[in-house]
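Heads up, entry-v4.csv below (CSV, C-alpha atoms):
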```
chain,number,residue,atom,x,y,z
A,75,MET,CA,53.0,-6.3,42.9
A,76,ASN,CA,54.6,-3.0,43.8
A,77,ARG,CA,53.4,-0.1,41.7
A,78,PRO,CA,56.0,2.8,41.5
A,79,SER,CA,54.0,5.0,43.8
A,80,SER,CA,53.5,2.4,46.5
A,81,ALA,CA,57.2,1.5,46.4
A,82,TRP,CA,58.0,5.0,47.4
A,83,THR,CA,55.6,4.9,50.3
A,84,ASP,CA,56.9,1.4,51.2
A,85,GLN,CA,60.4,2.8,51.6
A,86,ARG,CA,59.2,5.7,53.8
A,87,VAL,CA,57.1,3.2,55.9
A,88,GLU,CA,60.2,0.9,56.3
A,89,GLY,CA,62.3,3.8,57.5
A,90,PHE,CA,59.7,4.7,60.1
A,91,VAL,CA,59.3,1.1,61.2
A,92,ALA,CA,63.1,0.8,61.7
A,93,ASP,CA,63.2,4.0,63.8
A,94,LEU,CA,60.1,2.8,65.8
A,95,LEU,CA,61.7,-0.6,66.7
A,96,ARG,CA,65.1,0.9,67.5
A,97,SER,CA,63.7,3.7,69.8
A,98,GLY,CA,61.3,1.2,71.4
A,99,VAL,CA,64.1,-1.2,72.4
A,100,GLY,CA,66.3,1.8,73.4
A,101,VAL,CA,63.7,3.5,75.7
A,102,ALA,CA,62.7,0.1,77.2
A,103,SER,CA,66.3,-0.8,78.0
A,104,ALA,CA,67.0,2.6,79.6
A,105,VAL,CA,63.9,2.3,81.8
A,106,VAL,CA,64.9,-1.3,82.8
A,107,ALA,CA,68.5,-0.2,83.6
A,108,PHE,CA,67.3,2.8,85.6
A,109,GLY,CA,64.9,0.6,87.6
A,110,GLY,CA,67.7,-2.0,88.0
A,111,ILE,CA,70.0,0.5,89.6
A,112,ILE,CA,67.4,1.5,92.1
A,113,PHE,CA,66.5,-2.1,92.8
A,114,LEU,CA,70.2,-3.2,93.3
A,115,THR,CA,71.1,-0.2,95.6
A,116,ARG,CA,68.1,-1.1,97.8
A,117,HIS,CA,68.1,-4.9,97.7
A,118,GLY,CA,71.5,-5.9,96.2
A,119,ARG,CA,72.6,-7.4,99.5
A,120,ALA,CA,69.5,-9.5,100.1
A,121,MET,CA,69.4,-13.2,99.2
A,122,PRO,CA,67.8,-14.1,95.9
A,123,GLY,CA,64.9,-16.5,95.7
A,124,TYR,CA,64.7,-17.4,92.0
A,125,GLY,CA,65.0,-21.2,92.8
A,126,HIS,CA,61.4,-21.5,94.0
A,127,PHE,CA,58.5,-20.5,91.9
A,128,MET,CA,55.9,-18.5,93.8
A,129,GLY,CA,54.5,-16.3,91.1
A,130,GLU,CA,54.8,-12.5,91.1
A,131,PRO,CA,52.6,-10.4,93.3
A,132,LEU,CA,49.8,-8.3,91.6
A,133,GLU,CA,51.9,-5.1,91.6
A,134,TYR,CA,54.3,-6.7,89.2
A,135,ARG,CA,51.7,-8.5,87.1
A,136,SER,CA,48.9,-6.0,86.4
A,137,ILE,CA,49.4,-3.0,84.1
A,138,SER,CA,47.8,-0.6,86.6
A,139,GLY,CA,49.9,-2.0,89.5
A,140,ILE,CA,53.1,-1.7,87.4
A,141,ILE,CA,52.4,1.9,86.5
A,142,MET,CA,51.4,3.0,90.0
A,143,GLY,CA,54.6,1.5,91.5
A,144,ALA,CA,56.8,3.0,88.8
A,145,ALA,CA,55.3,6.5,89.4
A,146,SER,CA,56.6,6.3,92.9
A,147,LEU,CA,60.0,5.2,91.6
A,148,HIS,CA,60.0,1.7,92.9
A,149,GLY,CA,62.9,-0.2,91.3
A,150,ARG,CA,61.1,-3.4,90.4
A,151,ASN,CA,58.0,-1.6,89.1
A,152,LEU,CA,60.3,0.5,86.9
A,153,ILE,CA,61.9,-2.7,85.5
A,154,GLN,CA,58.4,-4.1,84.8
A,155,LEU,CA,57.4,-0.8,83.1
A,156,GLY,CA,60.5,-1.1,80.8
A,157,LEU,CA,59.6,-4.7,80.0
A,158,LEU,CA,56.0,-3.6,79.3
A,159,LEU,CA,57.4,-1.0,76.8
A,160,LEU,CA,59.5,-3.7,75.2
A,161,ILE,CA,56.4,-6.0,74.8
A,162,GLY,CA,54.6,-2.9,73.4
A,163,THR,CA,57.2,-2.3,70.7
A,164,PRO,CA,56.2,-5.1,68.3
A,165,ILE,CA,52.5,-4.4,69.1
A,166,ALA,CA,53.0,-0.7,68.1
A,167,ARG,CA,54.6,-2.0,64.9
A,168,VAL,CA,51.6,-4.1,64.0
A,169,ALA,CA,49.3,-1.2,64.9
A,170,PHE,CA,51.3,1.0,62.6
A,171,SER,CA,51.0,-1.6,59.8
A,172,VAL,CA,47.2,-1.4,60.0
A,173,VAL,CA,47.5,2.3,59.1
A,174,ALA,CA,50.1,1.7,56.4
A,175,PHE,CA,48.0,-0.9,54.7
A,176,ALA,CA,44.9,1.3,54.9
A,177,TYR,CA,47.0,4.1,53.3
A,178,GLU,CA,47.8,1.7,50.4
A,179,ARG,CA,44.1,0.8,50.2
A,180,ASP,CA,44.8,-2.9,50.8
A,181,ARG,CA,41.6,-4.0,52.5
A,182,LEU,CA,42.6,-7.6,52.8
A,183,TYR,CA,45.7,-6.8,54.7
A,184,VAL,CA,44.0,-4.2,56.9
A,185,VAL,CA,41.8,-7.1,58.1
A,186,ILE,CA,44.7,-9.6,58.4
A,187,THR,CA,46.7,-7.1,60.5
A,188,LEU,CA,43.7,-6.2,62.6
A,189,ILE,CA,43.3,-10.0,63.5
A,190,VAL,CA,47.0,-10.1,64.6
A,191,LEU,CA,46.5,-6.9,66.6
A,192,ALA,CA,43.4,-8.3,68.3
A,193,VAL,CA,45.3,-11.5,69.4
A,194,LEU,CA,48.1,-9.4,70.8
A,195,LEU,CA,45.8,-7.2,72.8
A,196,PHE,CA,43.8,-10.2,74.0
A,197,SER,CA,47.1,-11.7,75.3
A,198,LEU,CA,48.1,-8.4,77.0
A,199,ALA,CA,44.7,-8.3,78.7
A,200,GLY,CA,45.4,-11.7,80.3
A,201,GLY,CA,44.8,-14.1,77.5
A,202,HIS,CA,42.7,-16.7,79.5
A,203,LEU,CA,41.7,-19.6,77.2
B,108,MET,CA,75.7,-15.3,96.9
B,109,ASN,CA,73.6,-12.1,97.2
B,110,ILE,CA,71.3,-10.5,94.6
B,111,LEU,CA,74.0,-8.0,93.4
B,112,GLU,CA,76.6,-10.8,92.7
B,113,LEU,CA,74.1,-13.1,91.1
B,114,THR,CA,72.7,-10.2,88.9
B,115,LEU,CA,76.2,-9.5,87.6
B,116,LEU,CA,77.0,-13.1,86.8
B,117,ILE,CA,73.6,-13.6,85.1
B,118,GLY,CA,74.2,-10.4,83.1
B,119,LEU,CA,77.6,-11.6,81.9
B,120,GLY,CA,76.2,-15.0,81.0
B,121,SER,CA,73.4,-13.4,79.1
B,122,LEU,CA,75.8,-11.1,77.3
B,123,ALA,CA,77.8,-14.1,76.1
B,124,ALA,CA,74.6,-15.9,75.0
B,125,GLY,CA,73.4,-12.9,73.1
B,126,PHE,CA,76.8,-12.4,71.5
B,127,LEU,CA,77.2,-16.0,70.4
B,128,GLY,CA,73.6,-16.2,69.4
B,129,ALA,CA,73.9,-13.3,67.0
B,130,MET,CA,77.2,-14.5,65.5
B,131,THR,CA,76.1,-18.0,64.9
B,132,GLY,CA,72.6,-17.1,63.8
B,133,LEU,CA,71.1,-19.5,66.4
B,134,GLY,CA,69.6,-16.7,68.4
B,135,GLY,CA,70.5,-16.0,72.1
B,136,GLY,CA,67.1,-16.9,73.5
B,137,ILE,CA,67.5,-20.6,73.1
B,138,VAL,CA,70.4,-21.0,75.5
B,139,ILE,CA,69.1,-18.6,78.2
B,140,THR,CA,66.7,-21.0,79.8
B,141,PRO,CA,69.2,-23.9,80.1
B,142,LEU,CA,71.8,-21.4,81.4
B,143,LEU,CA,69.5,-20.1,84.1
B,144,THR,CA,68.1,-23.4,85.2
B,145,LEU,CA,71.2,-25.7,84.9
B,146,VAL,CA,73.9,-23.2,86.0
B,147,PHE,CA,72.1,-20.7,88.3
B,148,GLY,CA,69.4,-23.0,89.7
B,149,VAL,CA,66.6,-20.8,88.6
B,150,ASP,CA,63.0,-22.2,88.5
B,151,ILE,CA,62.3,-23.1,84.8
B,152,ARG,CA,59.1,-20.9,84.9
B,153,TYR,CA,61.0,-17.8,85.8
B,154,ALA,CA,63.7,-18.7,83.4
B,155,ILE,CA,61.2,-19.1,80.5
B,156,GLY,CA,59.6,-15.7,81.3
B,157,ALA,CA,63.0,-14.0,81.3
B,158,SER,CA,64.1,-15.7,78.1
B,159,LEU,CA,60.9,-14.7,76.3
B,160,VAL,CA,61.3,-11.1,77.1
B,161,SER,CA,64.9,-11.1,75.9
B,162,VAL,CA,63.8,-12.6,72.6
B,163,ILE,CA,61.7,-9.5,71.9
B,164,ALA,CA,64.7,-7.3,72.5
B,165,THR,CA,67.0,-9.1,70.1
B,166,SER,CA,64.3,-9.6,67.4
B,167,SER,CA,63.2,-6.0,67.4
B,168,GLY,CA,66.9,-4.8,67.4
B,169,ALA,CA,67.8,-7.0,64.5
B,170,ALA,CA,64.6,-6.3,62.5
B,171,ALA,CA,65.4,-2.6,62.6
B,172,ALA,CA,68.6,-3.4,60.7
B,173,TYR,CA,67.0,-5.8,58.3
B,174,VAL,CA,63.9,-4.0,57.3
B,175,LYS,CA,65.6,-1.4,55.1
B,176,GLU,CA,67.5,-4.0,53.1
B,177,GLY,CA,64.4,-5.0,51.1
B,178,PHE,CA,64.4,-8.7,51.9
B,179,THR,CA,61.6,-8.7,54.6
B,180,ASN,CA,58.2,-9.5,53.1
B,181,ILE,CA,55.7,-7.8,55.4
B,182,ARG,CA,52.7,-9.4,53.8
B,183,ILE,CA,54.0,-13.0,54.2
B,184,GLY,CA,55.0,-12.1,57.8
B,185,MET,CA,51.7,-10.5,58.8
B,186,PHE,CA,49.6,-13.3,57.2
B,187,LEU,CA,51.6,-16.0,59.0
B,188,GLU,CA,51.5,-14.1,62.3
B,189,ILE,CA,47.8,-15.0,62.6
B,190,ALA,CA,49.1,-18.6,63.0
B,191,THR,CA,52.1,-17.8,65.2
B,192,THR,CA,50.3,-15.4,67.6
B,193,VAL,CA,47.3,-17.7,68.1
B,194,GLY,CA,49.8,-20.6,68.6
B,195,ALA,CA,51.8,-18.6,71.1
B,196,VAL,CA,48.7,-17.8,73.2
B,197,VAL,CA,47.7,-21.5,73.2
B,198,GLY,CA,51.3,-22.5,74.0
B,199,ALA,CA,51.6,-20.1,76.9
B,200,SER,CA,48.2,-21.4,78.3
B,201,VAL,CA,49.4,-25.0,78.0
B,202,ALA,CA,52.7,-24.1,79.8
B,203,SER,CA,50.9,-23.3,83.0
B,204,ARG,CA,49.1,-26.7,83.0
B,205,LEU,CA,52.0,-28.9,82.1
B,206,PRO,CA,54.4,-30.3,84.8
B,207,VAL,CA,57.8,-28.7,85.0
B,208,SER,CA,59.5,-32.0,84.1
B,209,ALA,CA,57.5,-32.3,80.8
B,210,ILE,CA,58.4,-28.7,79.8
B,211,SER,CA,62.1,-29.5,80.5
B,212,ILE,CA,62.0,-32.6,78.3
B,213,ILE,CA,60.2,-30.9,75.4
B,214,PHE,CA,62.7,-28.1,75.7
B,215,GLY,CA,65.7,-30.5,75.4
B,216,ILE,CA,64.2,-32.1,72.3
B,217,VAL,CA,63.5,-28.7,70.6
B,218,LEU,CA,67.0,-27.6,71.5
B,219,LEU,CA,68.5,-30.7,69.7
B,220,GLY,CA,66.3,-30.0,66.7
B,221,SER,CA,67.4,-26.3,66.5
B,222,ALA,CA,71.1,-27.3,66.8
B,223,TYR,CA,70.6,-29.7,63.9
B,224,ALA,CA,68.7,-27.2,61.8
B,225,SER,CA,71.4,-24.6,62.2
B,226,THR,CA,73.9,-26.9,60.5
B,227,ARG,CA,72.0,-26.4,57.3
B,228,THR,CA,73.4,-23.4,55.5
B,229,ALA,CA,72.3,-23.7,51.9
B,230,SER,CA,68.7,-24.4,50.8
B,231,LYS,CA,67.0,-26.0,48.0
B,232,SER,CA,64.5,-23.2,47.6
B,233,GLY,CA,64.5,-20.7,44.8
B,234,SER,CA,63.2,-23.3,42.3
B,235,ASP,CA,60.3,-21.4,40.9
B,236,GLY,CA,57.2,-23.5,40.4
B,237,GLY,CA,55.1,-20.7,39.0
B,238,LEU,CA,51.8,-19.3,40.3
B,239,ASP,CA,50.0,-20.7,43.2
B,240,ARG,CA,46.3,-19.6,43.5
B,241,THR,CA,46.2,-19.2,47.3
B,242,ALA,CA,49.5,-17.3,47.3
B,243,ALA,CA,48.3,-15.1,44.5
B,244,LEU,CA,45.0,-14.4,46.3
B,245,LEU,CA,46.9,-13.3,49.4
B,246,LYS,CA,49.4,-11.3,47.4
B,247,LEU,CA,52.4,-13.1,48.9
B,248,ASP,CA,54.5,-13.1,45.7
B,249,SER,CA,57.1,-10.4,45.7
B,250,THR,CA,60.7,-9.5,44.6
B,251,TYR,CA,64.0,-9.3,46.4
B,252,PRO,CA,67.4,-7.8,45.5
B,253,THR,CA,70.2,-10.1,44.3
B,254,SER,CA,73.6,-9.5,42.8
B,255,GLN,CA,72.1,-9.9,39.3
B,256,GLY,CA,69.4,-7.4,40.0
B,257,VAL,CA,65.8,-7.6,41.4
B,258,LYS,CA,64.4,-11.1,41.2
B,259,THR,CA,60.7,-12.2,41.4
B,260,TYR,CA,59.7,-15.2,43.5
B,261,HIS,CA,56.4,-17.1,43.8
B,262,VAL,CA,55.2,-18.6,47.1
B,263,ARG,CA,53.8,-22.1,47.3
B,264,GLY,CA,52.5,-24.5,50.0
B,265,VAL,CA,50.6,-21.9,51.9
B,266,PRO,CA,48.4,-24.4,54.1
B,267,ALA,CA,51.5,-26.4,55.1
B,268,GLY,CA,53.5,-23.3,55.9
B,269,PHE,CA,50.6,-21.8,57.9
B,270,SER,CA,50.2,-25.1,59.9
B,271,LEU,CA,54.0,-25.2,60.7
B,272,MET,CA,53.8,-21.6,61.8
B,273,PHE,CA,51.0,-22.5,64.3
B,274,VAL,CA,53.4,-25.2,65.8
B,275,ALA,CA,56.3,-22.7,65.8
B,276,GLY,CA,54.1,-20.2,67.7
B,277,GLY,CA,53.0,-22.9,70.1
B,278,LEU,CA,56.6,-23.9,70.9
B,279,SER,CA,57.5,-20.2,71.3
B,280,GLY,CA,54.7,-19.7,73.9
B,281,LEU,CA,55.4,-23.0,75.6
B,282,LEU,CA,59.2,-22.7,76.0
B,283,GLY,CA,59.9,-18.9,75.8
B,284,ILE,CA,62.0,-19.2,72.7
B,285,GLY,CA,61.9,-17.4,69.3
B,286,SER,CA,61.4,-20.6,67.3
B,287,GLY,CA,63.4,-19.0,64.5
B,288,ALA,CA,64.7,-22.3,63.1
B,289,LEU,CA,61.3,-23.8,62.6
B,290,LYS,CA,59.9,-20.5,61.1
B,291,VAL,CA,62.7,-20.5,58.6
B,292,ILE,CA,62.1,-24.2,57.7
B,293,ALA,CA,58.4,-23.5,57.2
B,294,MET,CA,59.1,-20.6,54.8
B,295,ASP,CA,62.2,-22.0,53.1
B,296,GLN,CA,61.2,-25.6,52.8
B,297,ALA,CA,57.4,-25.7,52.8
B,298,MET,CA,56.6,-22.4,51.0
B,299,ARG,CA,59.7,-22.3,48.8
B,300,ILE,CA,60.5,-18.7,49.8
B,301,PRO,CA,64.1,-17.6,49.1
B,302,PHE,CA,66.4,-18.3,52.1
B,303,LYS,CA,67.4,-14.6,52.7
B,304,VAL,CA,63.7,-13.5,52.6
B,305,SER,CA,62.8,-16.4,54.9
B,306,THR,CA,65.4,-15.5,57.6
B,307,THR,CA,64.7,-11.8,57.7
B,308,THR,CA,60.9,-12.3,57.6
B,309,SER,CA,61.3,-14.9,60.4
B,310,ASN,CA,63.2,-12.3,62.4
B,311,PHE,CA,60.4,-9.8,61.9
B,312,MET,CA,57.9,-12.4,63.1
B,313,ILE,CA,59.8,-13.5,66.2
B,314,GLY,CA,59.2,-10.3,68.1
B,315,VAL,CA,55.5,-10.2,67.4
B,316,THR,CA,55.1,-13.9,68.3
B,317,ALA,CA,57.0,-13.5,71.5
B,318,ALA,CA,54.9,-10.4,72.4
B,319,ALA,CA,51.8,-12.5,72.1
B,320,SER,CA,52.9,-15.0,74.8
B,321,ALA,CA,54.7,-12.4,76.9
B,322,GLY,CA,51.4,-10.8,77.9
B,323,VAL,CA,50.1,-14.1,79.2
B,324,TYR,CA,53.4,-14.8,81.0
B,325,LEU,CA,53.3,-11.3,82.7
B,326,GLN,CA,49.8,-11.7,83.9
B,327,ARG,CA,50.6,-15.2,85.2
B,328,GLY,CA,53.5,-13.9,87.3
B,329,TYR,CA,56.3,-15.7,85.4
B,330,ILE,CA,58.2,-12.5,84.7
B,331,ASP,CA,60.4,-11.6,87.7
B,332,PRO,CA,61.8,-8.1,87.5
B,333,GLY,CA,65.0,-8.8,89.5
B,334,LEU,CA,65.9,-11.8,87.3
B,335,THR,CA,64.7,-10.5,83.9
B,336,MET,CA,66.6,-7.2,84.2
B,337,PRO,CA,70.1,-8.6,83.8
B,338,VAL,CA,68.9,-11.2,81.2
B,339,MET,CA,67.2,-8.7,79.0
B,340,LEU,CA,70.0,-6.1,79.1
B,341,GLY,CA,72.7,-8.7,78.7
B,342,VAL,CA,71.2,-10.5,75.7
B,343,ALA,CA,70.3,-7.2,74.0
B,344,LEU,CA,73.8,-5.7,74.4
B,345,GLY,CA,75.4,-9.0,73.4
B,346,ALA,CA,73.3,-9.3,70.3
B,347,LEU,CA,74.2,-5.7,69.3
B,348,LEU,CA,77.9,-6.4,69.8
B,349,GLY,CA,77.7,-9.7,68.0
B,350,ALA,CA,76.1,-8.1,65.0
B,351,ARG,CA,78.7,-5.3,64.9
B,352,VAL,CA,81.8,-7.3,65.4
B,353,LEU,CA,81.3,-9.8,62.7
B,354,PRO,CA,78.7,-8.5,60.2
B,355,ARG,CA,77.3,-11.4,58.1
B,356,THR,CA,80.3,-13.6,58.7
B,357,ARG,CA,79.5,-17.1,59.9
B,358,THR,CA,82.7,-18.6,61.3
B,359,SER,CA,82.2,-22.3,60.9
B,360,LEU,CA,84.3,-23.3,63.9
B,361,LEU,CA,82.3,-21.0,66.2
B,362,ARG,CA,79.1,-22.6,64.9
B,363,VAL,CA,80.4,-26.1,65.6
B,364,ILE,CA,81.5,-25.2,69.1
B,365,PHE,CA,78.2,-23.4,69.9
B,366,GLY,CA,76.3,-26.3,68.3
B,367,ILE,CA,78.1,-28.8,70.7
B,368,VAL,CA,77.3,-26.5,73.7
B,369,VAL,CA,73.6,-26.5,72.7
B,370,ALA,CA,73.5,-30.3,72.2
B,371,VAL,CA,75.1,-30.8,75.7
B,372,LEU,CA,72.6,-28.4,77.3
B,373,ALA,CA,69.8,-30.2,75.4
B,374,PHE,CA,70.8,-33.6,76.9
B,375,GLU,CA,71.1,-32.0,80.4
B,376,MET,CA,67.6,-30.6,80.1
B,377,ILE,CA,66.2,-34.0,79.1
B,378,TYR,CA,68.1,-35.7,81.9
B,379,HIS,CA,67.0,-33.3,84.5
B,380,GLY,CA,63.4,-33.5,83.3
B,381,ILE,CA,63.4,-37.3,83.5
B,382,THR,CA,65.1,-37.4,87.0
B,383,GLY,CA,62.9,-34.6,88.2
B,384,ARG,CA,65.8,-32.5,89.5
B,385,LEU,CA,64.5,-29.1,88.4
```

Representation of the structure as C-alpha cells:
Amino acid sequence: MNRPSSAWTDQRVEGFVADLLRSGVGVASAVVAFGGIIFLTRHGRAMPGYGHFMGEPLEYRSISGIIMGAASLHGRNLIQLGLLLLIGTPIARVAFSVVAFAYERDRLYVVITLIVLAVLLFSLAGGHL
Amino acid sequence: MNILELTLLIGLGSLAAGFLGAMTGLGGGIVITPLLTLVFGVDIRYAIGASLVSVIATSSGAAAAYVKEGFTNIRIGMFLEIATTVGAVVGASVASRLPVSAISIIFGIVLLGSAYASTRTASKSGSDGGLDRTAALLKLDSTYPTSQGVKTYHVRGVPAGFSLMFVAGGLSGLLGIGSGALKVIAMDQAMRIPFKVSTTTSNFMIGVTAAASAGVYLQRGYIDPGLTMPVMLGVALGALLGARVLPRTRTSLLRVIFGIVVAVLAFEMIYHGITGRL
C-alpha cells in the first residue's frame, strides 16, 4: 500500500517516534530517580507499609495534586510526576500518529487513532465506568 | 527492615526480572506482581499498580528499537488498540470490584498460560490465503523485510483477532501485565500475520494498552510512589541490559529455567488465592 512518497515520510515518522519514545522513558526515569533520592533521604529509615492497602491520598492521585507537590520538590510527588510522564509517553505517540495519518491524508486512520486517543484521555481523567 | 533496605532489595529483584524477561521474551512485567506479593508481602493492589507502570517503561524502550526495523505495522496496531484500550479500561474497573483472592487465582492461571505460550517458538502463519475484504477495507495488508527481500502479507480473521485483543486488554487492565503472549497469539494464529510482525506490533501495542489502565489505577490510588520507584527503575534498567547483552539470542536453557520459575509462581498465586493468605 506504500507509495514511494509515503514510504519516505513513513521513515521520517518512524525515526521521530523512536526518538519520542526513548526520550519519554529517559526523562520519566530521571524524574523518578531524582524524586526517589529525595524520598529515601527523608524517609529511608521509616518503616514501610506496603502490606496493607489503604489507597493513596489525593496529592498522589490527582494530576493537579501531583504537580503542586512536585513544584515544592516533595520526593513522592516528583516520583508520581515521573510516572505521569511515563504514562504520557505512549499517549503522546498516539497523538503524534493522528498528525502523521492526517499528513498522509488517511481519513479512516485519523478517525481510528482519534478513538484510541479519546479512550486514553478518558482513562487519564479517571475512567469511571 | 526499613524503607531504604526494602527499596534496594525490590530494585534488585526488579532488575533481575526485567533482565530475564527481556532475554527470554516473556516480558518482565509478568513476574513483578508474584515477586512483590509472595516474596516481599506487598498487597496485590499496590503490586499490580507498580507492575503496570513498569510494563509501559519496557514496552516503550523496546518499541523505540523495533520501530526502525520495518516490521511493526502501525495500522494493524492502531486498529486493534481500539479493542485493547477499551478492554483495559473495563479490566481496570472490574479489578476494583473483585475480591483480592479472585484476582490472585486469575493471575496464576494467566501466568501458567503465558509460560506455556512462550514455549512455542515457530509458528504456522505465513501461509497466504489471499485477500480478505475486511482487512483490505482497513488497509491492514503490508510488507515486511526478509532475507529474500521484501515480502507481502495478507491479514485474515479480523473479527476473531479484534475480539481476542479485547480480552488481552481486559487481562492487562485487570492484572497489570502487558498481555504480550495473548496479543501475539491473536495476530499470529487468528489473523495469520507473520510472527516477526506480530511480536513487534504487539510490543508497540503493550505500552498504549497499559497507559489506558494506568490512568484508572493512578486515580484509584493503586500506584504507590515509594514502591513503584524501585520497580519501574529496576525493570527498565534490567530490560535495557537484557536487550544489550544477548541481542536476539534465545538461550533455550534460560527459557526453560525461567519457564519453571513462572510455573512455580503461578501455582503459589493460585494456592494463596484459594487459602486467602494475601

Got a sec to check which residues sit within 8 Å of (63.7, -14.1, 68.8), counting all atoms listed in the file, and write them as an NGL selection string? :B and (134-136 or 161-166 or 284-287 or 310 or 313-314 or 317)

Given all atoms listed in the file as the basis, pick out the residue of B:Thr307, B:Ala370, B:Ala275, B:Ile181 nearest to Asp248 (chain B).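 Residue with the minimum atom-to-atom distance to Asp248 (chain B): B:Ile181.
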
Just to confirm, what's the straight-line distance from CA of Phe170 (chain A) to CA of Ala190 (chain B) in Å (one decimal)? 19.7 Å

As an exercise, work out the distance from CA of Ala145 (chain A) to CA of Ile112 (chain A) in Å and give it to one decimal place. 13.4 Å

Close residues, region 123-132 of chain B itself excluded, 10 Å, only C-alpha atoms, min 4 positions apart in chain, as an MDAnalysis selection string: chainID B and resid 117:119 136:139 142 161:162 165 169 225 287:288 306 338:366

Kindly export the residues of the current selection with C-alpha atoms, as a compact mmCIF listing (two decimals), in the frame of the given file.
```
# COMPACT_ATOMS: atom_id res chain seq x y z
CA ILE B 117 73.60 -13.60 85.10
CA GLY B 118 74.20 -10.40 83.10
CA LEU B 119 77.60 -11.60 81.90
CA GLY B 136 67.10 -16.90 73.50
CA ILE B 137 67.50 -20.60 73.10
CA VAL B 138 70.40 -21.00 75.50
CA ILE B 139 69.10 -18.60 78.20
CA LEU B 142 71.80 -21.40 81.40
CA SER B 161 64.90 -11.10 75.90
CA VAL B 162 63.80 -12.60 72.60
CA THR B 165 67.00 -9.10 70.10
CA ALA B 169 67.80 -7.00 64.50
CA SER B 225 71.40 -24.60 62.20
CA GLY B 287 63.40 -19.00 64.50
CA ALA B 288 64.70 -22.30 63.10
CA THR B 306 65.40 -15.50 57.60
CA VAL B 338 68.90 -11.20 81.20
CA MET B 339 67.20 -8.70 79.00
CA LEU B 340 70.00 -6.10 79.10
CA GLY B 341 72.70 -8.70 78.70
CA VAL B 342 71.20 -10.50 75.70
CA ALA B 343 70.30 -7.20 74.00
CA LEU B 344 73.80 -5.70 74.40
CA GLY B 345 75.40 -9.00 73.40
CA ALA B 346 73.30 -9.30 70.30
CA LEU B 347 74.20 -5.70 69.30
CA LEU B 348 77.90 -6.40 69.80
CA GLY B 349 77.70 -9.70 68.00
CA ALA B 350 76.10 -8.10 65.00
CA ARG B 351 78.70 -5.30 64.90
CA VAL B 352 81.80 -7.30 65.40
CA LEU B 353 81.30 -9.80 62.70
CA PRO B 354 78.70 -8.50 60.20
CA ARG B 355 77.30 -11.40 58.10
CA THR B 356 80.30 -13.60 58.70
CA ARG B 357 79.50 -17.10 59.90
CA THR B 358 82.70 -18.60 61.30
CA SER B 359 82.20 -22.30 60.90
CA LEU B 360 84.30 -23.30 63.90
CA LEU B 361 82.30 -21.00 66.20
CA ARG B 362 79.10 -22.60 64.90
CA VAL B 363 80.40 -26.10 65.60
CA ILE B 364 81.50 -25.20 69.10
CA PHE B 365 78.20 -23.40 69.90
CA GLY B 366 76.30 -26.30 68.30
```

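Computed from the coordinates, the CA of Leu278 (chain B) to CA of Ala209 (chain B) distance equals 13.0 Å.
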
From (64.2, -11.6, 42.5), in the file's coordinates, out to 12 Å: which residues are reached, counting all atoms listed in the file? Answer as a PDB file with C-alpha atoms, in the frame of the given file.
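What landed in result.pdb:
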```pdb
ATOM      1  CA  GLY B 177      64.400  -5.000  51.100  1.00  0.00           C
ATOM      2  CA  PHE B 178      64.400  -8.700  51.900  1.00  0.00           C
ATOM      3  CA  GLY B 233      64.500 -20.700  44.800  1.00  0.00           C
ATOM      4  CA  SER B 234      63.200 -23.300  42.300  1.00  0.00           C
ATOM      5  CA  ASP B 235      60.300 -21.400  40.900  1.00  0.00           C
ATOM      6  CA  ASP B 248      54.500 -13.100  45.700  1.00  0.00           C
ATOM      7  CA  SER B 249      57.100 -10.400  45.700  1.00  0.00           C
ATOM      8  CA  THR B 250      60.700  -9.500  44.600  1.00  0.00           C
ATOM      9  CA  TYR B 251      64.000  -9.300  46.400  1.00  0.00           C
ATOM     10  CA  PRO B 252      67.400  -7.800  45.500  1.00  0.00           C
ATOM     11  CA  THR B 253      70.200 -10.100  44.300  1.00  0.00           C
ATOM     12  CA  SER B 254      73.600  -9.500  42.800  1.00  0.00           C
ATOM     13  CA  GLN B 255      72.100  -9.900  39.300  1.00  0.00           C
ATOM     14  CA  GLY B 256      69.400  -7.400  40.000  1.00  0.00           C
ATOM     15  CA  VAL B 257      65.800  -7.600  41.400  1.00  0.00           C
ATOM     16  CA  LYS B 258      64.400 -11.100  41.200  1.00  0.00           C
ATOM     17  CA  THR B 259      60.700 -12.200  41.400  1.00  0.00           C
ATOM     18  CA  TYR B 260      59.700 -15.200  43.500  1.00  0.00           C
ATOM     19  CA  HIS B 261      56.400 -17.100  43.800  1.00  0.00           C
ATOM     20  CA  ILE B 300      60.500 -18.700  49.800  1.00  0.00           C
ATOM     21  CA  PRO B 301      64.100 -17.600  49.100  1.00  0.00           C
ATOM     22  CA  PHE B 302      66.400 -18.300  52.100  1.00  0.00           C
ATOM     23  CA  LYS B 303      67.400 -14.600  52.700  1.00  0.00           C
ATOM     24  CA  VAL B 304      63.700 -13.500  52.600  1.00  0.00           C
TER      25      VAL B 304
END
```

Nearest residue to Val87 (chain A) from the set A:Ala174, A:Met121, A:Val193, A:Leu114 (distances using all atoms listed in the file):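 Counting all atoms listed in the file, the residue closest to Val87 (chain A) is A:Ala174.
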
Pick from A:Val172, A:Val185, A:Ala166, A:Arg135: nearest to Gly200 (chain A), with all atoms listed in the file counted?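 Among A:Val172, A:Val185, A:Ala166, A:Arg135, it is A:Arg135 that comes nearest to Gly200 (chain A).
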
Compare A:Ile140, A:Ile161, A:Ala192, A:Ile111 by their minimum atom-to-atom distance to chain B, counting all atoms listed in the file, and give me the closest one.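 Of A:Ile140, A:Ile161, A:Ala192, A:Ile111, the one nearest chain B, counting all atoms listed in the file, is A:Ile161.
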
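With all atoms listed in the file as the basis for measurement, B:Gly264 is the residue among B:Gly333, B:Gly264, B:Pro206, B:Gly383 that approaches Ala293 (chain B) most closely.
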
With a distance cut-off of 12 Å and all atoms listed in the file, select the neighbouring residues of Phe113 (chain A), excluding the residue or stretch itself and same-chain residues fewer than 2 positions from it, and output the selection as an MDAnalysis selection string. (chainID A and resid 106:111 115:120 144 147:154) or (chainID B and resid 110:111 114 332:334 336:337)

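Residue nearest chain A within the list B:Gly168, B:Asp295, B:Leu145, B:Ser270: B:Gly168 [criterion: smallest interatomic distance, only C-alpha atoms].
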